[in-house]
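Data from coords-v7.txt: compact mmCIF, C-alpha atoms
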```txt
# COMPACT_ATOMS: atom_id res chain seq x y z
CA MET O 26 85.27 92.55 94.93
CA SER O 27 85.32 96.01 96.29
CA THR O 28 83.17 96.69 99.30
CA ALA O 29 83.75 100.44 99.23
CA THR O 30 80.77 102.33 100.49
CA THR O 31 82.04 105.75 99.51
CA SER O 32 81.48 107.63 96.32
CA VAL O 33 83.33 106.25 93.31
CA PRO O 34 83.34 108.50 90.24
CA THR O 35 81.49 107.00 87.30
CA THR O 36 82.71 108.53 84.07
CA THR O 37 86.09 107.33 82.81
CA GLN O 38 87.54 110.81 82.76
CA ALA O 39 86.35 111.69 86.26
CA LYS O 40 87.65 108.38 87.50
CA ALA O 41 91.09 108.95 86.01
CA LEU O 42 91.31 112.41 87.55
CA ALA O 43 90.26 111.18 90.99
CA LEU O 44 92.72 108.31 90.76
CA ALA O 45 95.55 110.68 89.81
CA TYR O 46 94.74 112.91 92.78
CA VAL O 47 94.84 110.00 95.22
CA LEU O 48 97.97 108.53 93.63
CA ARG O 49 99.80 111.82 94.09
CA ILE O 50 99.22 111.49 97.82
CA GLY O 51 99.93 107.77 98.07
CA ASP O 52 103.04 107.93 95.89
CA ALA O 53 104.36 110.91 97.81
CA CYS O 54 104.03 108.93 101.05
CA LEU O 55 105.69 105.89 99.49
CA ILE O 56 108.64 107.61 97.85
CA HIS O 57 109.38 109.86 100.81
CA GLY O 58 109.08 106.86 103.12
CA GLN O 59 111.50 104.91 100.94
CA ARG O 60 114.05 107.73 101.00
CA LEU O 61 113.76 108.15 104.77
CA ALA O 62 114.14 104.41 105.24
CA GLU O 63 117.53 104.62 103.51
CA TRP O 64 118.77 106.25 106.71
CA CYS O 65 118.12 103.07 108.69
CA GLY O 66 121.48 102.16 110.22
CA HIS O 67 123.15 105.33 108.91
CA ALA O 68 121.75 108.21 110.97
CA PRO O 69 124.24 110.33 112.95
CA VAL O 70 123.21 108.84 116.30
CA LEU O 71 121.25 105.77 117.35
CA GLU O 72 118.35 107.80 118.76
CA GLU O 73 117.87 109.71 115.51
CA ASP O 74 118.20 106.49 113.55
CA ILE O 75 115.16 105.17 115.37
CA ALA O 76 113.30 108.48 114.99
CA LEU O 77 113.85 108.60 111.22
CA THR O 78 112.91 104.96 110.84
CA ASN O 79 109.71 105.53 112.83
CA ILE O 80 108.86 108.40 110.51
CA ALA O 81 109.67 106.31 107.44
CA LEU O 82 107.39 103.54 108.69
CA ASP O 83 104.59 106.03 109.37
CA HIS O 84 104.86 107.00 105.70
CA ILE O 85 104.70 103.38 104.57
CA GLY O 86 101.64 102.85 106.75
CA GLN O 87 99.95 105.87 105.16
CA THR O 88 100.97 104.55 101.76
CA ARG O 89 99.26 101.23 102.37
CA LEU O 90 95.96 102.91 103.17
CA VAL O 91 96.07 105.42 100.33
CA LEU O 92 97.20 102.98 97.65
CA THR O 93 94.56 100.48 98.73
CA LEU O 94 92.01 103.23 98.24
CA ALA O 95 93.57 104.11 94.88
CA GLY O 96 93.25 100.49 93.79
CA ARG O 97 89.56 100.57 94.63
CA LEU O 98 89.03 103.83 92.77
CA GLU O 99 90.80 102.37 89.77
CA GLY O 100 88.61 99.27 89.86
CA ARG O 101 91.02 97.01 88.03
CA GLY O 102 91.78 94.74 90.94
CA ARG O 103 95.19 96.19 91.78
CA ASP O 104 96.00 96.16 95.49
CA GLU O 105 98.54 98.24 97.44
CA ASP O 106 101.39 95.88 96.53
CA ALA O 107 100.58 95.85 92.83
CA LEU O 108 100.53 99.63 92.81
CA ALA O 109 103.71 100.06 94.85
CA TYR O 110 105.84 97.34 93.36
CA LEU O 111 104.58 96.62 89.88
CA ARG O 112 104.08 100.03 88.32
CA GLY O 113 106.57 101.62 85.96
CA GLU O 114 108.26 104.94 86.60
CA HIS O 115 105.91 107.05 84.46
CA GLU O 116 102.89 105.75 86.39
CA PHE O 117 104.08 107.27 89.66
CA ARG O 118 102.63 110.65 90.57
CA ASN O 119 104.77 111.84 93.48
CA PRO O 120 106.25 115.34 93.42
CA THR O 121 109.83 115.22 92.15
CA MET O 122 111.37 116.64 95.31
CA LEU O 123 110.63 113.50 97.28
CA GLU O 124 112.57 111.21 94.94
CA LEU O 125 115.78 113.28 94.98
CA PRO O 126 118.66 111.58 96.80
CA ASN O 127 118.80 112.20 100.55
CA GLY O 128 122.15 113.98 100.53
CA ASP O 129 123.39 114.75 104.01
CA PHE O 130 121.34 114.69 107.19
CA GLY O 131 120.57 118.42 107.00
CA ARG O 132 119.14 118.09 103.52
CA THR O 133 117.04 115.11 104.60
CA VAL O 134 115.45 116.85 107.57
CA LEU O 135 114.93 120.06 105.61
CA ARG O 136 113.02 118.15 102.94
CA ALA O 137 111.10 116.29 105.61
CA TYR O 138 110.20 119.63 107.15
CA LEU O 139 109.09 121.35 103.94
CA TRP O 140 107.01 118.34 102.98
CA SER O 141 105.50 117.49 106.37
CA ALA O 142 104.49 121.13 106.83
CA TYR O 143 102.64 120.84 103.55
CA MET O 144 101.12 117.46 104.38
CA GLY O 145 99.90 118.86 107.67
CA VAL O 146 97.87 121.41 105.72
CA LEU O 147 96.75 118.84 103.15
CA TRP O 148 95.75 116.10 105.62
CA GLN O 149 93.84 118.68 107.63
CA ALA O 150 91.87 119.71 104.53
CA LEU O 151 91.33 116.08 103.54
CA THR O 152 89.61 115.27 106.83
CA THR O 153 86.49 116.74 105.20
CA SER O 154 86.89 114.89 101.90
CA SER O 155 83.71 113.74 100.20
CA ASN O 156 85.35 110.30 100.12
CA ALA O 157 84.82 108.92 103.62
CA ASP O 158 87.79 106.56 103.37
CA LEU O 159 90.14 109.35 102.40
CA ALA O 160 88.77 111.51 105.20
CA ALA O 161 89.43 108.73 107.72
CA ILE O 162 92.97 108.15 106.42
CA ALA O 163 93.61 111.89 106.69
CA ALA O 164 92.42 112.04 110.29
CA LYS O 165 94.77 109.23 111.26
CA SER O 166 97.71 110.54 109.25
CA LEU O 167 97.38 114.09 110.50
CA LYS O 168 98.48 113.09 114.01
CA GLU O 169 101.53 111.28 112.67
CA CYS O 170 102.33 114.15 110.35
CA ARG O 171 102.23 116.72 113.13
CA TYR O 172 104.99 114.85 114.88
CA HIS O 173 107.07 114.53 111.70
CA GLN O 174 106.75 118.25 111.25
CA ARG O 175 107.71 119.00 114.86
CA HIS O 176 110.72 116.70 114.79
CA ALA O 177 112.00 118.00 111.46
CA ALA O 178 111.33 121.64 112.37
CA ASP O 179 113.38 121.17 115.50
CA TRP O 180 116.35 120.00 113.44
CA VAL O 181 115.99 122.72 110.82
CA VAL O 182 116.26 125.37 113.53
CA ARG O 183 119.13 123.61 115.27
CA LEU O 184 121.11 123.25 112.06
CA GLY O 185 120.18 126.57 110.49
CA ASP O 186 120.94 128.40 113.70
CA GLY O 187 123.80 126.08 114.67
CA THR O 188 127.43 126.09 113.59
CA ASP O 189 128.80 127.76 110.44
CA GLU O 190 129.09 124.35 108.84
CA SER O 191 125.54 123.23 109.72
CA HIS O 192 124.16 126.56 108.51
CA ARG O 193 126.09 126.30 105.25
CA ARG O 194 124.83 122.80 104.56
CA VAL O 195 121.17 123.39 105.33
CA SER O 196 121.26 126.71 103.51
CA THR O 197 122.64 125.03 100.38
CA ALA O 198 119.95 122.38 100.70
CA LEU O 199 117.25 125.04 100.87
CA ASN O 200 118.55 126.71 97.71
CA ASP O 201 118.49 123.35 95.94
CA LEU O 202 115.13 122.08 97.22
CA TRP O 203 113.04 125.23 97.27
CA PRO O 204 112.50 125.38 93.47
CA TYR O 205 111.00 121.88 93.64
CA CYS O 206 108.21 123.10 95.96
CA ALA O 207 106.68 125.17 93.14
CA GLU O 208 105.41 122.00 91.47
CA TRP O 209 103.05 121.27 94.37
CA PHE O 210 101.13 124.47 93.76
CA ALA O 211 100.90 124.38 89.96
CA ALA O 212 97.19 123.86 89.39
CA ASP O 213 95.98 121.43 86.75
CA GLU O 214 92.84 119.50 85.80
CA VAL O 215 93.48 116.86 88.49
CA ASP O 216 93.44 119.56 91.13
CA GLU O 217 90.40 121.29 89.72
CA ALA O 218 88.39 118.09 89.49
CA ALA O 219 89.21 117.16 93.09
CA ALA O 220 88.15 120.58 94.34
CA ALA O 221 84.96 120.48 92.26
CA THR O 222 83.89 117.05 93.53
CA GLY O 223 84.96 117.67 97.12
CA LEU O 224 87.46 114.81 96.96
CA GLY O 225 90.10 117.20 98.26
CA PRO O 226 91.40 120.75 98.02
CA SER O 227 93.19 122.12 95.01
CA TRP O 228 96.84 121.97 96.07
CA GLN O 229 97.31 125.44 94.69
CA SER O 230 94.84 126.79 97.22
CA LEU O 231 97.02 125.51 100.06
CA ALA O 232 100.08 127.56 99.12
CA PRO O 233 99.33 130.53 101.41
CA ALA O 234 98.69 128.28 104.42
CA TRP O 235 101.94 126.40 103.77
CA GLN O 236 103.96 129.57 103.37
CA ALA O 237 102.48 131.00 106.56
CA ILE O 238 103.91 127.99 108.42
CA VAL O 239 107.20 127.52 106.62
CA LEU O 240 108.50 131.06 106.12
CA PRO O 241 108.51 132.09 109.81
CA LEU O 242 110.21 128.83 110.78
CA LEU O 243 112.90 129.27 108.13
CA ASN O 244 113.38 132.83 109.30
CA ASN O 245 113.70 131.53 112.84
CA ALA O 246 116.41 129.18 111.60
CA GLY O 247 118.28 132.03 109.92
CA LEU O 248 117.46 130.67 106.48
CA THR O 249 116.20 132.60 103.45
CA PRO O 250 114.56 130.83 100.53
CA PRO O 251 115.87 131.75 97.09
CA GLU O 252 113.85 133.84 94.63
CA ASP O 253 111.15 131.98 92.74
CA THR O 254 112.13 130.79 89.27
CA PRO O 255 110.11 129.52 86.28
CA PHE O 256 111.43 125.99 86.91
CA ARG O 257 108.63 123.45 87.42
CA SER O 258 109.42 119.82 88.12
CA THR O 259 106.92 117.34 86.68
CA GLY O 260 106.85 114.26 88.90
CA MET O 261 103.14 114.78 89.61
CA GLN O 262 102.54 114.40 85.87
CA GLY O 263 104.54 111.16 85.80
CA ARG O 264 107.72 112.67 84.32
CA HIS O 265 110.42 112.10 86.89
CA SER O 266 114.04 112.98 87.56
CA GLU O 267 116.89 110.65 86.64
CA HIS O 268 116.94 109.43 90.27
CA MET O 269 113.52 107.83 90.22
CA GLY O 270 114.48 104.79 88.15
CA TYR O 271 117.22 103.83 90.58
CA LEU O 272 114.93 104.29 93.55
CA LEU O 273 112.27 102.06 92.01
CA ALA O 274 114.83 99.48 90.89
CA GLU O 275 115.90 99.00 94.48
CA MET O 276 112.44 99.28 96.01
CA GLN O 277 110.75 96.92 93.53
CA SER O 278 113.52 94.39 92.96
CA LEU O 279 112.33 91.83 95.48
CA ALA O 280 108.68 91.93 94.48
CA ARG O 281 109.63 91.60 90.81
CA ALA O 282 112.19 88.82 91.33
CA PHE O 283 109.84 86.81 93.55
CA PRO O 284 106.29 87.56 92.43
CA GLY O 285 103.79 87.09 95.25
CA ALA O 286 106.54 86.65 97.84
CA VAL O 287 105.34 86.71 101.45
CA TRP O 288 106.91 86.14 104.84
CA MET N 4 136.55 109.80 120.05
CA ASN N 5 136.31 113.50 120.88
CA THR N 6 134.24 113.58 124.05
CA ASP N 7 133.66 117.35 123.75
CA HIS N 8 131.19 116.67 120.98
CA GLU N 9 129.29 113.91 122.72
CA TRP N 10 125.77 114.67 123.79
CA PRO N 11 124.99 114.28 127.49
CA LEU N 12 123.18 111.25 128.80
CA TRP N 13 119.56 111.46 129.96
CA GLU N 14 117.50 109.06 132.05
CA VAL N 15 113.99 108.43 130.75
CA PHE N 16 110.88 107.85 132.85
CA ILE N 17 107.59 106.75 131.30
CA ARG N 18 104.09 106.68 132.74
CA SER N 19 102.04 103.92 131.20
CA LYS N 20 98.40 104.29 130.23
CA SER N 21 97.16 102.62 133.41
CA GLY N 22 100.06 103.61 135.67
CA LEU N 23 100.10 106.37 138.25
CA ASP N 24 103.83 106.79 138.50
CA HIS N 25 106.62 107.39 135.99
CA LYS N 26 108.92 104.40 135.86
CA HIS N 27 112.54 104.44 134.82
CA CYS N 28 112.85 102.69 131.49
CA GLY N 29 116.31 103.51 130.15
CA SER N 30 118.62 106.23 128.99
CA LEU N 31 119.64 108.01 125.79
CA HIS N 32 121.86 110.76 124.44
CA ALA N 33 120.47 114.16 123.43
CA SER N 34 121.85 117.67 123.21
CA ASP N 35 119.17 119.25 125.39
CA ALA N 36 115.93 118.54 127.23
CA ALA N 37 113.64 119.23 124.27
CA MET N 38 115.55 116.82 122.06
CA ALA N 39 115.68 114.26 124.87
CA ILE N 40 111.87 114.28 125.11
CA GLN N 41 111.52 113.72 121.35
CA MET N 42 114.13 110.98 121.31
CA ALA N 43 112.50 109.32 124.33
CA ARG N 44 109.17 109.37 122.50
CA ASP N 45 110.76 107.66 119.50
CA VAL N 46 112.98 105.21 121.35
CA TYR N 47 110.79 104.20 124.30
CA THR N 48 107.10 104.69 123.39
CA ARG N 49 106.95 102.99 119.99
CA ARG N 50 104.74 100.19 121.28
CA GLN N 51 102.22 102.21 123.28
CA GLU N 52 104.33 102.03 126.41
CA GLY N 53 103.34 105.42 127.67
CA THR N 54 101.27 108.54 127.82
CA SER N 55 103.77 110.80 129.57
CA VAL N 56 107.55 111.15 129.49
CA TRP N 57 110.02 112.64 131.94
CA VAL N 58 113.70 113.07 131.23
CA VAL N 59 116.45 114.12 133.58
CA ARG N 60 120.16 114.60 132.97
CA SER N 61 121.94 111.52 134.29
CA ASP N 62 124.60 113.66 135.96
CA GLN N 63 121.86 115.32 138.02
CA ILE N 64 121.07 112.05 139.79
CA THR N 65 122.82 111.38 143.06
CA ALA N 66 123.15 107.66 143.73
CA SER N 67 123.88 105.70 146.86
CA ASP N 68 127.41 104.39 147.16
CA PRO N 69 127.74 100.74 146.06
CA ASP N 70 130.58 100.32 148.56
CA THR N 71 128.26 101.00 151.49
CA LYS N 72 125.60 98.59 150.24
CA ASP N 73 126.27 96.17 153.11
CA SER N 74 125.67 98.72 155.84
CA ASP N 75 122.88 100.51 153.96
CA PHE N 76 120.61 97.66 153.02
CA GLU N 77 121.56 94.35 154.61
CA PRO N 78 120.51 95.33 158.15
CA ALA N 79 116.89 95.32 156.91
CA GLU N 80 117.09 91.65 155.97
CA ASP N 81 116.30 90.18 159.40
CA LYS N 82 113.75 92.80 160.47
CA VAL N 83 110.69 90.82 159.47
CA TYR N 84 108.64 92.67 162.06
CA ARG N 85 108.80 95.74 159.83
CA HIS N 86 106.43 93.97 157.43
CA PRO N 87 102.91 94.29 158.80
CA THR N 88 102.01 90.75 157.82
CA PHE N 89 101.06 89.43 161.25
CA TYR N 90 97.79 91.25 161.54
CA LYS N 91 94.43 89.73 160.76
CA LEU N 92 92.54 92.28 158.67
CA PRO N 93 88.86 92.78 159.38
CA PRO N 94 86.89 91.41 156.39
CA ASP N 95 85.49 94.82 155.43
CA VAL N 96 89.00 96.16 154.78
CA ASP N 97 89.25 94.70 151.31
CA HIS N 98 92.09 96.29 149.50
CA MET N 99 95.10 96.67 151.73
```
Show me, as structure tokens, the structure contained in the file I just sent.
Amino acid sequence: MSTATTSVPTTTQAKALALAYVLRIGDACLIHGQRLAEWCGHAPVLEEDIALTNIALDHIGQTRLVLTLAGRLEGRGRDEDALAYLRGEHEFRNPTMLELPNGDFGRTVLRAYLWSAYMGVLWQALTTSSNADLAAIAAKSLKECRYHQRHAADWVVRLGDGTDESHRRVSTALNDLWPYCAEWFAADEVDEAAAATGLGPSWQSLAPAWQAIVLPLLNNAGLTPPEDTPFRSTGMQGRHSEHMGYLLAEMQSLARAFPGAVW
Amino acid sequence: MNTDHEWPLWEVFIRSKSGLDHKHCGSLHASDAAMAIQMARDVYTRRQEGTSVWVVRSDQITASDPDTKDSDFEPAEDKVYRHPTFYKLPPDVDHM
């Protein structure tokens, strides 16, 4: 039985909204961690292989905490493993950008930068969450996230301001990825409920802080984001890209083939 | 392999939580000092090994010549009197 001491929403609707808010965070950590982990053994140099794997594992560690909390909020007895490995695609609430294939190294570190810059702002805001568990997770994760951001930012500048080829690649990646950032800041009832209850900030409200970090860095790297478009991805609503099914198939295969497997 | 594109080698020194001095712990490749510090953090401090990192380009280290090892170091072998182990310490000098 749950021993949570922090506030758990009571009405069904409020509970569902709070759960969706927390799942967006936990699923983002999980899916980004899974993508980063794909680099294990494939990074350009051994040192970076270890760095990316460390970052991937930080994400999985954050995932464990957040999904455990989500399971408690849900109150149906699902633990971190049940939520990570036994949910279907439409139940995941991560932003679409994080499930897109890694592409080359430049694209991977650019995505890691755009996202970790955002998570730095979000974790910071979540340290004052009305849910004490979420606040504690945020405080721990913020330190990890700051390093992810620093490491990725370093690469974005090196590649953006590097050779013609590195600039071309990371510039193409920015054109492709930038439209997917808009989804993070599209307000909805999940966001509004979280802001109203103090569970966490409306993601929309964090857009200016994120831009204030990201735009100068991109400029520093000689990169210009494309114009905004009406395109809105919908992963946070549970409607994912065609890549998500393959990602989950690989990630969940062991847990589904051997239920309850441990080592 | 095209050696022009290889990153230089760096030696890594880590100071542990309780240690006073930075100890050599290994080497790695990085394109410059800033990257070397980040790589050292990821490669050598994953298990709480340290609270401070130094890096130095390996080609900036001047080493003693292995061929003169005999004349450099072996003469010290039979100079036991250089170790101050023959003195009886007064009891109130505890930690020498």
In the coordinate frame of the file, compute which residues have an atom within 7 Å of (90.5, 115.5, 106.5) when using only C-alpha atoms, and state them as a PyMOL selection string.
chain O and resi 148-154+160-161+163-164
Among the residues N:Asp45, N:Asp35, N:Asp75, N:Glu14, the one that comes closest to chain O [using only C-alpha atoms]
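When distances to chain O are compared using only C-alpha atoms, the smallest one comes from N:Asp45.
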Tell me the residues of chain N close to chain O, meaning within 12 Å using all atoms listed in the file, as a ChimeraX atom specification.
/N:9-10,12-13,30-35,37-50
Determine the nearest neighbour of Phe283 (chain O) from the options O:Ala218, O:Ala237, O:Leu242, O:Leu111, counting only C-alpha atoms.
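Answer, going by the shortest atom-to-atom distance: O:Leu111.
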If we count all atoms listed in the file, what is near Ile17 (chain N) at a cut-off of 6 Å, once residues fewer than 6 positions away on the same chain are taken out, given as a VMD selection string?
chain N and resid 25 to 26 53 55 to 56
Go through O:Glu275, O:Asp216, O:Glu190, O:Asp104 one by one, measure the shortest atom-to-atom distance of each to Val91 (chain O) using all atoms listed in the file, and give the residue with the smallest value.
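Of O:Glu275, O:Asp216, O:Glu190, O:Asp104, the one nearest Val91 (chain O), counting all atoms listed in the file, is O:Asp104.
Proximity ranking of O:Pro120, O:Gly131, O:Gly185, O:Gly223 relative to Met269 (chain O) places O:Pro120 first, based on only C-alpha atoms.
Straight-line separation from CA of Met261 (chain O) to CA of Ile85 (chain O): 18.9 Å.
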Box dimensions and centre (Å, one decimal) enclosing region 91-103 of chain O, axis-aligned, 3 Å extra per side, as AutoDock Vina command-line options:
```
--center_x 92.9 --center_y 100.1 --center_z 94.2 --size_x 14.6 --size_y 16.7 --size_z 18.3
```
List the residues sitting within 10 Å of (101.0, 118.1, 106.8) in the file's frame, using all atoms listed in the file, as a VMD selection string.
chain O and resid 138 to 150 163 166 to 174 235
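Note that CA of Val15 (chain N) and CA of Gly86 (chain O) are 27.6 Å apart.
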Name the residues in contact with Ser19 (chain N) at a cut-off of 6 Å, using only C-alpha atoms, excluding same-chain residues fewer than 2 positions from it; report them as a ChimeraX atom specification.
/N:21-22,52-54
Students should find that CA of Lys72 (chain N) and CA of Arg18 (chain N) are spaced 28.9 Å
So that I can see what lies close to Asp186 (chain O), please list as a PDB file with C-alpha atoms, in the frame of the given file the residues with an atom at most 12 Å from it, counting all atoms listed in the file and leaving out residues fewer than 6 positions away in the same chain.
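Now in result-v2.pdb:
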```pdb
ATOM      1  CA  ALA O 178     111.330 121.640 112.370  1.00  0.00           C
ATOM      2  CA  ASP O 179     113.380 121.170 115.500  1.00  0.00           C
ATOM      3  CA  TRP O 180     116.350 120.000 113.440  1.00  0.00           C
ATOM      4  CA  HIS O 192     124.160 126.560 108.510  1.00  0.00           C
ATOM      5  CA  ARG O 193     126.090 126.300 105.250  1.00  0.00           C
ATOM      6  CA  ARG O 194     124.830 122.800 104.560  1.00  0.00           C
ATOM      7  CA  VAL O 195     121.170 123.390 105.330  1.00  0.00           C
ATOM      8  CA  SER O 196     121.260 126.710 103.510  1.00  0.00           C
ATOM      9  CA  LEU O 242     110.210 128.830 110.780  1.00  0.00           C
ATOM     10  CA  LEU O 243     112.900 129.270 108.130  1.00  0.00           C
ATOM     11  CA  ASN O 244     113.380 132.830 109.300  1.00  0.00           C
ATOM     12  CA  ASN O 245     113.700 131.530 112.840  1.00  0.00           C
ATOM     13  CA  ALA O 246     116.410 129.180 111.600  1.00  0.00           C
ATOM     14  CA  GLY O 247     118.280 132.030 109.920  1.00  0.00           C
ATOM     15  CA  LEU O 248     117.460 130.670 106.480  1.00  0.00           C
TER      16      LEU O 248
END
```
Residues near Pro126 (chain O), cut-off 12 Å, all atoms listed in the file, skip fewer than 3 positions along chain, as a PDB file with C-alpha atoms, in the coordinates of the input:
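Saved file out-v4.pdb follows:
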```pdb
ATOM      1  CA  ILE O  56     108.640 107.610  97.850  1.00  0.00           C
ATOM      2  CA  HIS O  57     109.380 109.860 100.810  1.00  0.00           C
ATOM      3  CA  GLN O  59     111.500 104.910 100.940  1.00  0.00           C
ATOM      4  CA  ARG O  60     114.050 107.730 101.000  1.00  0.00           C
ATOM      5  CA  LEU O  61     113.760 108.150 104.770  1.00  0.00           C
ATOM      6  CA  ALA O  62     114.140 104.410 105.240  1.00  0.00           C
ATOM      7  CA  GLU O  63     117.530 104.620 103.510  1.00  0.00           C
ATOM      8  CA  TRP O  64     118.770 106.250 106.710  1.00  0.00           C
ATOM      9  CA  THR O 121     109.830 115.220  92.150  1.00  0.00           C
ATOM     10  CA  MET O 122     111.370 116.640  95.310  1.00  0.00           C
ATOM     11  CA  LEU O 123     110.630 113.500  97.280  1.00  0.00           C
ATOM     12  CA  ASP O 129     123.390 114.750 104.010  1.00  0.00           C
ATOM     13  CA  PHE O 130     121.340 114.690 107.190  1.00  0.00           C
ATOM     14  CA  ARG O 132     119.140 118.090 103.520  1.00  0.00           C
ATOM     15  CA  THR O 133     117.040 115.110 104.600  1.00  0.00           C
ATOM     16  CA  ARG O 136     113.020 118.150 102.940  1.00  0.00           C
ATOM     17  CA  ALA O 198     119.950 122.380 100.700  1.00  0.00           C
ATOM     18  CA  ASP O 201     118.490 123.350  95.940  1.00  0.00           C
ATOM     19  CA  LEU O 202     115.130 122.080  97.220  1.00  0.00           C
ATOM     20  CA  SER O 266     114.040 112.980  87.560  1.00  0.00           C
ATOM     21  CA  GLU O 267     116.890 110.650  86.640  1.00  0.00           C
ATOM     22  CA  HIS O 268     116.940 109.430  90.270  1.00  0.00           C
ATOM     23  CA  MET O 269     113.520 107.830  90.220  1.00  0.00           C
ATOM     24  CA  GLY O 270     114.480 104.790  88.150  1.00  0.00           C
ATOM     25  CA  TYR O 271     117.220 103.830  90.580  1.00  0.00           C
ATOM     26  CA  LEU O 272     114.930 104.290  93.550  1.00  0.00           C
TER      27      LEU O 272
END
```
